[in-house]
>>> print(open('entry_5.txt').read())   # compact mmCIF, C-alpha atoms and all ligand atoms
# COMPACT_ATOMS: atom_id res chain seq x y z
CA MET A 1 -14.72 38.50 3.83
CA ASN A 2 -17.22 35.82 4.77
CA TYR A 3 -16.30 34.08 7.97
CA ASP A 4 -17.45 30.58 8.83
CA VAL A 5 -17.00 31.25 12.52
CA ILE A 6 -16.36 34.18 14.83
CA ILE A 7 -14.44 33.40 17.99
CA ILE A 8 -14.36 35.88 20.84
CA GLY A 9 -11.19 35.55 22.89
CA ALA A 10 -7.73 34.27 21.97
CA GLY A 11 -6.90 32.27 25.10
CA TYR A 12 -6.85 28.48 25.23
CA ALA A 13 -10.54 28.00 24.46
CA GLY A 14 -10.54 30.39 21.53
CA ALA A 15 -7.18 29.44 20.08
CA VAL A 16 -7.79 25.68 20.10
CA MET A 17 -11.21 26.15 18.54
CA ALA A 18 -9.78 28.51 15.91
CA ARG A 19 -7.12 26.00 14.94
CA GLN A 20 -9.65 23.18 14.65
CA TYR A 21 -12.00 25.17 12.43
CA ALA A 22 -9.10 26.43 10.32
CA GLU A 23 -7.79 22.94 9.71
CA ASP A 24 -11.26 21.97 8.54
CA ASN A 25 -10.90 24.66 5.92
CA LYS A 26 -13.21 27.13 7.65
CA LYS A 27 -12.52 30.87 7.63
CA VAL A 28 -12.04 32.04 11.21
CA LEU A 29 -12.21 35.52 12.69
CA ILE A 30 -10.93 36.00 16.23
CA LEU A 31 -11.87 39.11 18.19
CA GLU A 32 -9.58 39.75 21.14
CA LYS A 33 -9.89 42.74 23.40
CA LYS A 34 -6.37 42.46 24.76
CA SER A 35 -3.40 43.65 22.71
CA HIS A 36 -2.02 40.11 22.51
CA ILE A 37 -3.01 36.47 22.09
CA GLY A 38 -2.73 33.71 24.70
CA GLY A 39 -5.18 35.09 27.25
CA ASN A 40 -3.82 35.00 30.78
CA ALA A 41 -1.19 32.43 29.75
CA TYR A 42 0.65 35.19 27.86
CA ASP A 43 4.37 35.37 28.64
CA TYR A 44 7.37 37.33 27.38
CA MET A 45 11.16 37.42 27.74
CA ASP A 46 12.38 40.44 29.72
CA GLU A 47 15.61 42.36 29.14
CA ASN A 48 17.51 40.00 31.48
CA HIS A 49 16.37 36.89 29.57
CA ILE A 50 13.90 35.89 32.22
CA ARG A 51 10.55 34.66 30.92
CA ILE A 52 7.82 36.47 32.81
CA HIS A 53 4.24 35.22 32.87
CA GLU A 54 2.50 38.56 32.69
CA TYR A 55 -0.65 37.28 34.42
CA GLY A 56 1.02 35.08 36.97
CA PRO A 57 2.65 31.64 36.92
CA HIS A 58 1.23 29.04 34.54
CA LEU A 59 2.49 25.50 35.07
CA PHE A 60 1.62 22.86 32.55
CA HIS A 61 0.63 19.43 33.86
CA THR A 62 -1.76 16.78 32.61
CA ASN A 63 -2.67 13.11 32.52
CA GLU A 64 -4.21 13.51 29.07
CA LYS A 65 -1.95 12.18 26.34
CA GLU A 66 -4.34 13.61 23.75
CA VAL A 67 -3.67 17.12 25.08
CA VAL A 68 0.10 16.62 25.09
CA ASP A 69 0.04 15.28 21.53
CA TYR A 70 -2.11 18.17 20.38
CA LEU A 71 -0.10 20.98 21.97
CA SER A 72 3.17 19.32 20.95
CA ARG A 73 2.31 20.24 17.38
CA PHE A 74 2.90 23.85 18.37
CA THR A 75 5.75 23.66 20.83
CA GLU A 76 8.68 21.66 22.10
CA TRP A 77 8.93 21.20 25.85
CA TYR A 78 11.42 20.99 28.65
CA PRO A 79 10.74 18.88 31.74
CA TYR A 80 9.58 20.88 34.73
CA GLU A 81 7.99 19.77 37.99
CA HIS A 82 6.53 22.53 40.11
CA ARG A 83 7.33 22.72 43.83
CA VAL A 84 5.83 25.10 46.35
CA LYS A 85 6.72 25.97 49.91
CA GLY A 86 4.47 27.64 52.41
CA LEU A 87 5.39 29.84 55.35
CA ILE A 88 4.20 28.09 58.49
CA ASN A 89 5.46 29.03 61.96
CA ASP A 90 8.26 31.05 60.33
CA LYS A 91 9.49 28.09 58.26
CA PHE A 92 9.05 27.31 54.59
CA VAL A 93 7.70 23.76 54.36
CA PRO A 94 6.34 21.74 51.40
CA ILE A 95 2.85 22.57 50.09
CA PRO A 96 0.72 20.48 49.52
CA PHE A 97 1.20 19.71 53.19
CA ASN A 98 2.88 16.28 53.34
CA LEU A 99 4.91 13.99 55.62
CA THR A 100 8.00 16.17 55.17
CA SER A 101 6.00 19.21 56.25
CA ILE A 102 5.14 17.36 59.47
CA GLU A 103 8.79 16.44 60.07
CA GLU A 104 9.88 20.04 59.58
CA LEU A 105 7.27 21.50 61.93
CA PHE A 106 7.14 19.11 64.91
CA ASP A 107 9.71 17.48 67.18
CA LYS A 108 10.70 13.96 66.17
CA GLU A 109 8.46 12.10 68.59
CA THR A 110 5.34 14.11 67.77
CA ALA A 111 6.10 13.95 64.06
CA ASP A 112 6.58 10.15 64.09
CA ASN A 113 3.33 9.72 65.90
CA LEU A 114 1.35 12.01 63.56
CA LYS A 115 2.82 10.37 60.48
CA ASN A 116 1.94 6.90 61.82
CA GLU A 117 -1.62 7.92 62.59
CA LEU A 118 -2.07 9.40 59.11
CA ILE A 119 -0.56 6.38 57.38
CA LYS A 120 -2.65 4.02 59.53
CA GLU A 121 -5.84 5.85 58.65
CA TYR A 122 -5.34 6.62 54.96
CA GLY A 123 -2.32 4.65 53.71
CA MET A 124 0.78 5.98 51.93
CA GLU A 125 0.49 8.07 48.77
CA LYS A 126 -3.09 8.98 49.58
CA LYS A 127 -4.42 12.50 48.97
CA VAL A 128 -6.88 13.71 51.55
CA PRO A 129 -8.81 16.96 51.04
CA ILE A 130 -8.53 19.16 54.11
CA LEU A 131 -12.29 19.18 54.63
CA GLU A 132 -12.26 15.38 54.76
CA LEU A 133 -9.28 15.29 57.13
CA ARG A 134 -11.17 17.50 59.57
CA LYS A 135 -13.87 14.86 59.81
CA SER A 136 -11.52 12.05 60.89
CA ASN A 137 -12.67 9.93 63.83
CA ASN A 138 -9.14 9.90 65.19
CA PRO A 139 -8.69 12.88 67.59
CA GLU A 140 -4.96 13.14 66.84
CA VAL A 141 -5.61 13.33 63.11
CA ARG A 142 -8.38 15.84 63.75
CA ASN A 143 -6.00 18.00 65.78
CA LEU A 144 -3.48 17.89 62.98
CA ALA A 145 -6.26 18.75 60.50
CA GLU A 146 -7.16 21.83 62.55
CA PHE A 147 -3.51 22.87 62.57
CA ILE A 148 -3.26 22.48 58.78
CA PHE A 149 -6.61 24.18 58.28
CA GLU A 150 -5.50 27.16 60.31
CA LYS A 151 -1.92 27.37 59.03
CA VAL A 152 -2.37 26.50 55.34
CA PHE A 153 -5.94 27.10 54.24
CA LYS A 154 -7.88 29.50 56.40
CA TYR A 155 -6.09 32.79 55.81
CA TYR A 156 -4.81 32.00 52.32
CA THR A 157 -8.35 31.27 51.21
CA MET A 158 -9.69 34.43 52.88
CA LYS A 159 -7.02 36.46 51.09
CA GLN A 160 -7.49 34.70 47.77
CA TRP A 161 -11.29 34.69 47.63
CA ASP A 162 -12.51 37.09 50.31
CA TYR A 163 -14.81 34.26 51.42
CA SER A 164 -14.33 31.67 54.10
CA ILE A 165 -13.77 28.07 53.06
CA GLU A 166 -17.28 27.19 54.25
CA GLN A 167 -18.83 29.66 51.81
CA LEU A 168 -16.94 28.31 48.81
CA SER A 169 -17.38 25.11 46.88
CA ALA A 170 -15.20 22.33 48.33
CA THR A 171 -13.68 21.87 44.88
CA VAL A 172 -11.55 24.96 45.54
CA THR A 173 -9.53 23.57 48.45
CA ASP A 174 -9.73 20.01 47.08
CA ARG A 175 -7.21 21.19 44.49
CA VAL A 176 -4.47 21.15 47.14
CA PRO A 177 -5.15 18.08 49.33
CA VAL A 178 -2.99 16.97 52.22
CA PHE A 179 -0.66 14.32 50.81
CA VAL A 180 0.31 11.28 52.87
CA SER A 181 3.63 11.05 51.06
CA TYR A 182 7.19 12.34 50.83
CA ASP A 183 6.53 13.43 47.26
CA ASP A 184 6.89 17.22 47.44
CA ARG A 185 5.77 18.02 43.89
CA TYR A 186 2.76 20.31 43.55
CA PHE A 187 1.26 17.99 40.93
CA GLN A 188 1.52 14.25 40.42
CA ASP A 189 0.38 14.19 36.80
CA THR A 190 2.09 11.92 34.28
CA TYR A 191 3.11 14.80 32.03
CA GLN A 192 4.73 17.86 33.60
CA MET A 193 6.61 20.24 31.39
CA MET A 194 6.86 23.76 30.03
CA PRO A 195 6.88 25.04 26.45
CA LYS A 196 10.48 25.60 25.37
CA GLU A 197 9.91 29.05 23.89
CA GLY A 198 7.06 29.97 26.22
CA PHE A 199 3.27 29.89 26.03
CA THR A 200 2.97 32.91 23.73
CA ALA A 201 5.13 31.25 21.07
CA MET A 202 2.97 28.15 21.33
CA PHE A 203 -0.16 30.23 20.75
CA GLU A 204 1.50 32.04 17.84
CA LYS A 205 2.16 28.73 16.12
CA MET A 206 -1.35 27.48 16.86
CA LEU A 207 -2.92 30.59 15.38
CA ASN A 208 -0.54 30.91 12.46
CA HIS A 209 -2.81 29.54 9.77
CA PRO A 210 -4.00 31.10 6.49
CA ASN A 211 -7.64 30.58 7.53
CA ILE A 212 -7.28 32.52 10.78
CA GLU A 213 -7.60 36.30 11.02
CA ILE A 214 -7.07 37.95 14.40
CA ARG A 215 -8.23 41.40 15.41
CA LEU A 216 -6.54 42.50 18.61
CA ASN A 217 -7.68 45.43 20.75
CA THR A 218 -11.22 44.67 19.64
CA GLU A 219 -14.10 44.65 22.07
CA ALA A 220 -16.61 42.11 20.71
CA LEU A 221 -19.68 44.21 21.52
CA ASP A 222 -18.22 47.12 19.51
CA VAL A 223 -18.56 45.11 16.30
CA MET A 224 -21.22 42.57 17.22
CA LYS A 225 -24.75 42.82 18.49
CA PHE A 226 -26.66 40.13 20.35
CA ASP A 227 -30.41 40.67 19.97
CA PHE A 228 -32.12 38.86 22.81
CA GLU A 229 -35.61 39.53 21.36
CA THR A 230 -35.00 37.69 18.12
CA GLY A 231 -32.08 35.45 19.05
CA LYS A 232 -30.11 36.92 16.16
CA ILE A 233 -26.43 37.82 16.21
CA TYR A 234 -25.08 40.65 14.09
CA PHE A 235 -21.54 41.30 12.96
CA GLU A 236 -20.70 44.74 11.55
CA GLY A 237 -24.40 45.43 11.07
CA LYS A 238 -25.21 42.21 9.18
CA GLU A 239 -26.86 39.12 10.58
CA PHE A 240 -24.28 36.41 11.27
CA THR A 241 -25.77 32.93 11.15
CA ASN A 242 -22.60 30.82 11.35
CA ASP A 243 -21.04 29.56 14.59
CA VAL A 244 -20.05 32.07 17.25
CA ILE A 245 -17.75 30.90 20.04
CA TYR A 246 -17.70 33.15 23.08
CA THR A 247 -15.04 32.78 25.77
CA GLY A 248 -15.60 35.98 27.74
CA LEU A 249 -17.82 36.92 30.67
CA ALA A 250 -21.40 35.65 30.44
CA ASP A 251 -22.89 38.56 32.41
CA TYR A 252 -21.18 41.13 30.19
CA LEU A 253 -22.73 39.58 27.09
CA CYS A 254 -26.14 39.99 28.72
CA GLY A 255 -25.53 43.62 29.65
CA TYR A 256 -25.33 42.68 33.36
CA ARG A 257 -29.14 42.77 33.41
CA HIS A 258 -29.43 40.59 36.51
CA GLY A 259 -26.40 42.00 38.24
CA LYS A 260 -22.74 41.13 38.08
CA LEU A 261 -21.28 37.68 38.43
CA GLU A 262 -18.40 37.64 40.81
CA TYR A 263 -14.98 37.03 39.39
CA ARG A 264 -11.72 37.14 41.30
CA SER A 265 -8.75 39.05 40.03
CA LEU A 266 -5.07 39.27 40.80
CA TRP A 267 -2.54 42.02 40.63
CA PHE A 268 1.16 41.25 40.35
CA ASP A 269 3.89 43.42 41.69
CA LEU A 270 6.89 42.71 39.45
CA LYS A 271 10.26 43.24 41.09
CA VAL A 272 13.61 42.86 39.35
CA MET A 273 16.78 42.49 41.42
CA ASP A 274 20.20 40.86 41.65
CA GLY A 275 20.80 37.33 42.84
CA THR A 276 18.18 34.81 43.83
CA TYR A 277 15.21 35.66 46.03
CA GLN A 278 13.82 32.41 47.47
CA THR A 279 14.31 28.65 47.82
CA ALA A 280 11.30 27.44 45.84
CA VAL A 281 9.80 28.63 42.55
CA THR A 282 6.67 29.61 44.44
CA CYS A 283 6.46 30.46 48.12
CA ASN A 284 2.98 30.72 49.62
CA TYR A 285 2.13 33.04 52.49
CA PRO A 286 -0.88 31.42 54.17
CA THR A 287 -0.65 34.02 56.92
CA PRO A 288 -3.32 36.60 57.84
CA LYS A 289 -3.67 39.57 55.51
CA GLU A 290 -2.43 41.92 58.23
CA ILE A 291 0.93 40.11 58.29
CA HIS A 292 1.36 39.54 54.54
CA PRO A 293 -1.21 41.22 52.29
CA PHE A 294 -0.22 38.95 49.37
CA THR A 295 -0.78 35.21 48.82
CA ARG A 296 2.38 34.03 47.10
CA ILE A 297 5.64 35.00 45.45
CA THR A 298 6.92 33.34 42.29
CA GLU A 299 10.50 33.59 41.07
CA TYR A 300 10.47 33.07 37.32
CA LYS A 301 14.07 32.20 36.51
CA LEU A 302 13.80 29.16 38.79
CA MET A 303 11.19 27.62 36.48
CA MET A 304 13.24 28.20 33.34
CA GLU A 305 15.26 25.58 31.53
CA ASN A 306 18.37 27.68 32.13
CA LYS A 307 18.24 28.94 35.73
CA GLU A 308 21.68 30.58 35.63
CA ASN A 309 21.21 34.32 35.72
CA PRO A 310 22.83 37.02 37.86
CA LYS A 311 19.48 38.87 37.88
CA THR A 312 16.09 37.71 39.04
CA ALA A 313 12.45 38.72 38.68
CA ILE A 314 9.65 37.95 41.10
CA HIS A 315 5.92 38.38 41.10
CA VAL A 316 4.27 39.23 44.39
CA GLU A 317 0.64 38.14 44.01
CA TYR A 318 -2.22 40.23 45.41
CA PRO A 319 -5.83 39.06 45.07
CA PHE A 320 -8.52 41.62 44.25
CA ARG A 321 -12.20 41.61 43.62
CA TYR A 322 -12.60 41.85 39.84
CA ASP A 323 -13.74 45.28 38.72
CA GLU A 324 -13.19 46.31 35.13
CA ASP A 325 -12.84 49.97 36.09
CA ALA A 326 -10.40 49.48 38.95
CA GLU A 327 -6.73 50.33 38.61
CA LYS A 328 -5.74 46.99 40.15
CA GLY A 329 -7.86 43.89 39.73
CA ASN A 330 -9.35 44.76 36.33
CA ILE A 331 -8.70 41.38 34.68
CA PRO A 332 -10.97 38.42 35.48
CA TYR A 333 -9.04 35.30 36.54
CA TYR A 334 -11.26 33.03 38.56
CA THR A 335 -14.97 32.51 38.94
CA VAL A 336 -16.09 32.74 42.56
CA PHE A 337 -17.89 29.53 43.49
CA THR A 338 -20.58 30.51 45.91
CA GLU A 339 -24.11 29.11 45.62
CA GLU A 340 -25.40 32.59 44.78
CA ASN A 341 -22.96 33.06 41.91
CA LYS A 342 -23.60 29.61 40.53
CA ALA A 343 -27.35 30.32 40.47
CA LEU A 344 -26.86 33.70 38.79
CA TYR A 345 -24.64 32.10 36.18
CA GLU A 346 -27.36 29.55 35.37
CA THR A 347 -29.80 32.42 34.79
CA TYR A 348 -27.44 34.05 32.30
CA LYS A 349 -26.67 30.76 30.64
CA LYS A 350 -30.37 30.07 30.11
CA GLU A 351 -30.93 33.49 28.56
CA LEU A 352 -28.05 32.98 26.18
CA GLU A 353 -29.66 29.79 24.90
CA VAL A 354 -31.85 32.03 22.73
CA PHE A 355 -28.84 32.26 20.41
CA LYS A 356 -28.84 28.91 18.65
CA ASN A 357 -25.48 29.49 16.92
CA LEU A 358 -23.67 30.60 20.10
CA THR A 359 -21.34 28.39 22.14
CA LEU A 360 -19.95 29.38 25.54
CA LEU A 361 -16.54 27.95 26.26
CA GLY A 362 -13.81 28.44 28.86
CA ARG A 363 -13.21 29.56 32.43
CA LEU A 364 -15.07 32.82 32.13
CA ALA A 365 -17.93 31.88 29.80
CA GLU A 366 -18.69 28.57 31.50
CA PHE A 367 -18.02 29.89 34.99
CA ARG A 368 -15.62 27.02 35.76
CA TYR A 369 -12.16 26.44 37.20
CA TYR A 370 -10.40 24.98 34.15
CA ASN A 371 -6.70 24.20 34.19
CA MET A 372 -4.82 24.70 30.92
CA ASP A 373 -4.96 21.03 29.97
CA ALA A 374 -8.63 20.73 30.87
CA ILE A 375 -9.67 23.65 28.70
CA THR A 376 -7.59 22.34 25.80
CA LYS A 377 -9.38 19.01 26.11
CA ALA A 378 -12.77 20.69 26.53
CA ALA A 379 -12.19 22.75 23.37
CA LEU A 380 -11.15 19.68 21.36
CA ASP A 381 -14.25 17.83 22.56
CA LYS A 382 -16.51 20.81 21.93
CA TYR A 383 -15.26 21.10 18.39
CA LYS A 384 -15.99 17.43 17.78
CA SER A 385 -19.50 17.71 19.17
CA LEU A 386 -20.27 20.92 17.21
CA THR A 387 -19.16 19.46 13.91
CA LYS A 388 -20.63 16.01 14.35
N1 LIG A 401 -4.91 27.04 49.14
C1 LIG A 401 -4.64 27.44 50.42
N2 LIG A 401 -3.34 27.52 50.84
C2 LIG A 401 -2.30 27.23 50.03
C3 LIG A 401 -2.57 26.82 48.72
C4 LIG A 401 -3.89 26.75 48.29
O1 LIG A 401 -5.56 27.73 51.17
O2 LIG A 401 -1.14 27.32 50.47
C5 LIG A 401 -6.34 26.95 48.71
C6 LIG A 401 -6.86 28.32 48.30
O3 LIG A 401 -8.23 28.39 48.59
C7 LIG A 401 -6.62 28.28 46.80
C8 LIG A 401 -6.98 26.84 46.48
O4 LIG A 401 -6.48 26.10 47.60
O5 LIG A 401 -7.43 29.20 46.11
C9 LIG A 401 -6.41 26.30 45.20
O6 LIG A 401 -5.02 26.51 45.14
P1 LIG A 401 -4.20 26.47 43.77
O7 LIG A 401 -2.77 26.60 44.06
O8 LIG A 401 -4.66 25.31 42.97
O9 LIG A 401 -4.75 27.80 43.08
P2 LIG A 401 -4.37 28.47 41.68
O10 LIG A 401 -2.95 28.16 41.39
O11 LIG A 401 -5.34 27.93 40.67
O12 LIG A 401 -4.59 29.91 41.97
>>> encode(input="entry_5.txt", output="structure tokens")
Amino acid sequence: MNYDVIIIGAGYAGAVMARQYAEDNKKVLILEKKSHIGGNAYDYMDENHIRIHEYGPHLFHTNEKEVVDYLSRFTEWYPYEHRVKGLINDKFVPIPFNLTSIEELFDKETADNLKNELIKEYGMEKKVPILELRKSNNPEVRNLAEFIFEKVFKYYTMKQWDYSIEQLSATVTDRVPVFVSYDDRYFQDTYQMMPKEGFTAMFEKMLNHPNIEIRLNTEALDVMKFDFETGKIYFEGKEFTNDVIYTGLADYLCGYRHGKLEYRSLWFDLKVMDGTYQTAVTCNYPTPKEIHPFTRITEYKLMMENKENPKTAIHVEYPFRYDEDAEKGNIPYYTVFTEENKALYETYKKELEVFKNLTLLGRLAEFRYYNMDAITKAALDKYKSLTK
């Protein structure tokens, strides 16, 4: 079989690219080391008819109509708006921290005053990153910012990343800004919904094409060779000169020659029980590690179209340093955005430029924090630019 493209990884980046090539009548081979498609968005229905996201909760939201139109070819949707509560001073209050959170945590007089000061300074419906709020000239707002910093961000971030906020790129905490609003949704995007039959079914449809062949349980470097001396790529012993799309770890591809890039991992403790566990789909625990060693708990049936179920299933989420040999934490989830890691990534990226037919795409390969919609869009754009 002569392939027009080899794609390594069957997550969003790989699957969207595969579909695009296939529809252009190109023969596609996908190599996937996991035993399933969909990457970390993989989900399945358990024996109690609860859809579990094996690698943790994935919530679809976007402002990109192009992405919605594209994915809608492979799935129907049901409306779903994600809401999160965080444990602060023994109460579960809305996260992102908003005007309701203030009302629930302070007495009426203090709350009214804090809300007024915030509204006066920023205006209603304004999102203010915590690091910006801490720089306010208004001492009352600054005090509130310190409270939020301490109670929402400081310990959660330490648990999640094992770095302090100061050591990480501001883009990490900017994802969850303080919201001068009563809107308690986690996202404000125009389109918020979930695939009716789950993400895995959506990927199955996307990849179900006569021009796409998928090899699961296949480690790319077992069948391919990247020769850094000559810039040539080999597949099953023969030189492969067509496009190669790589969505895995950049340092792995280079044999870790300059040391390991840091990725963050998660481990999920799945618990099945009777009844209902909590009052929001996701409850965050921004408390010190010594009090709660996990960051959040997600209750899956509450995000389903049909929430009625006498049973329930929760994921208790534990962050780990990524280590492929560890028992827990052996799947890369996030790139760790320190200056050191960013510099090391650039070194690897430069070395990989020797391969003229190689494209790096996705969270892991590009060392970026892509959401599902953003990587779908990036893959669509990348395909256009490659085939121009
Ligand atoms: N964060 C936090 N406390 C929270 C929620 C988020 O400190 O209650 C910070 C934390 O550093 C986290 C980042 O904001 O890694 C981004 O959160 P988000 O929920 O977007 O993370 P994801 O769902 O991508 O893991």
>>> atom_distance(input="entry_5.txt", atom1="CA of Gln188 in chain A", atom2="CA of Leu131 in chain A")
20.4 Å
>>> residues_around(input="entry_5.txt", residues="His292 in chain A", least_positions_apart="3", cutoff="12 Å", atoms="only C-alpha atoms", output="count of residues only")
17
>>> axis_aligned_box(input="entry_5.txt", around="range 363-382 of chain A", padding_each_side="5 Å", output="JSON")
{"center_x": -11.8, "center_y": 25.3, "center_z": 29.3, "size_x": 23.9, "size_y": 25.0, "size_z": 25.8}
>>> residues_near_ligand(input="entry_5.txt", ligand="ligand LIG 401 (chain A)", cutoff="7 Å", atoms="all atoms listed in the file", output="ChimeraX atom specification")
/A:86,95,152-157,160-161,172-176,284-286
>>> residues_around(input="entry_5.txt", residues="Ala379 in chain A", least_positions_apart="6", cutoff="8 Å", atoms="only C-alpha atoms", output="CSV table (one decimal) with C-alpha atoms, in the coordinates of the input")
chain,number,residue,atom,x,y,z
A,13,ALA,CA,-10.5,28.0,24.5
A,16,VAL,CA,-7.8,25.7,20.1
A,17,MET,CA,-11.2,26.2,18.5
A,361,LEU,CA,-16.5,28.0,26.3
>>> closest_residue(input="entry_5.txt", among="A:Phe74, A:Phe235, A:Tyr246, A:Tyr42", to="Gly56 in chain A", atoms="all atoms listed in the file")
A:Tyr42
>>> residues_around(input="entry_5.txt", residues="Asn371 in chain A", least_positions_apart="3", cutoff="12 Å", atoms="all atoms listed in the file", output="count of residues only")
22
>>> atom_distance(input="entry_5.txt", atom1="CA of Asn341 in chain A", atom2="CA of Ala365 in chain A")
13.2 Å
>>> closest_residue(input="entry_5.txt", among="A:Thr200, A:Asn89, A:Thr298, A:Ser35", to="Phe147 in chain A", atoms="all atoms listed in the file")
A:Asn89
>>> atom_distance(input="entry_5.txt", atom1="CA of Ser72 in chain A", atom2="CA of Ile7 in chain A")
22.7 Å
>>> residues_around(input="entry_5.txt", residues="Thr218 in chain A", least_positions_apart="4", cutoff="6 Å", atoms="all atoms listed in the file", output="PDB file with C-alpha atoms, keeping the file's coordinate frame")
ATOM      1  CA  LEU A  31     -11.870  39.110  18.190  1.00  0.00           C
ATOM      2  CA  GLU A  32      -9.580  39.750  21.140  1.00  0.00           C
ATOM      3  CA  LYS A  33      -9.890  42.740  23.400  1.00  0.00           C
TER       4      LYS A  33
END
>>> residues_near_point(input="entry_5.txt", point="(20.2, 33.4, 37.3)", cutoff="12 Å", atoms="only C-alpha atoms", output="list in words")
Asn48, His49, Ile50, Arg51, Val272, Met273, Asp274, Gly275, Thr276, Tyr277, Glu299, Tyr300, Lys301, Leu302, Met303, Met304, Glu305, Asn306, Lys307, Glu308, Asn309, Pro310, Lys311, Thr312 and Ala313 of chain A
>>> residues_around(input="entry_5.txt", residues="range 194-198 of chain A", least_positions_apart="2", cutoff="6 Å", atoms="all atoms listed in the file", output="NGL selection string")
:A and (60 or 75-78 or 200-201)
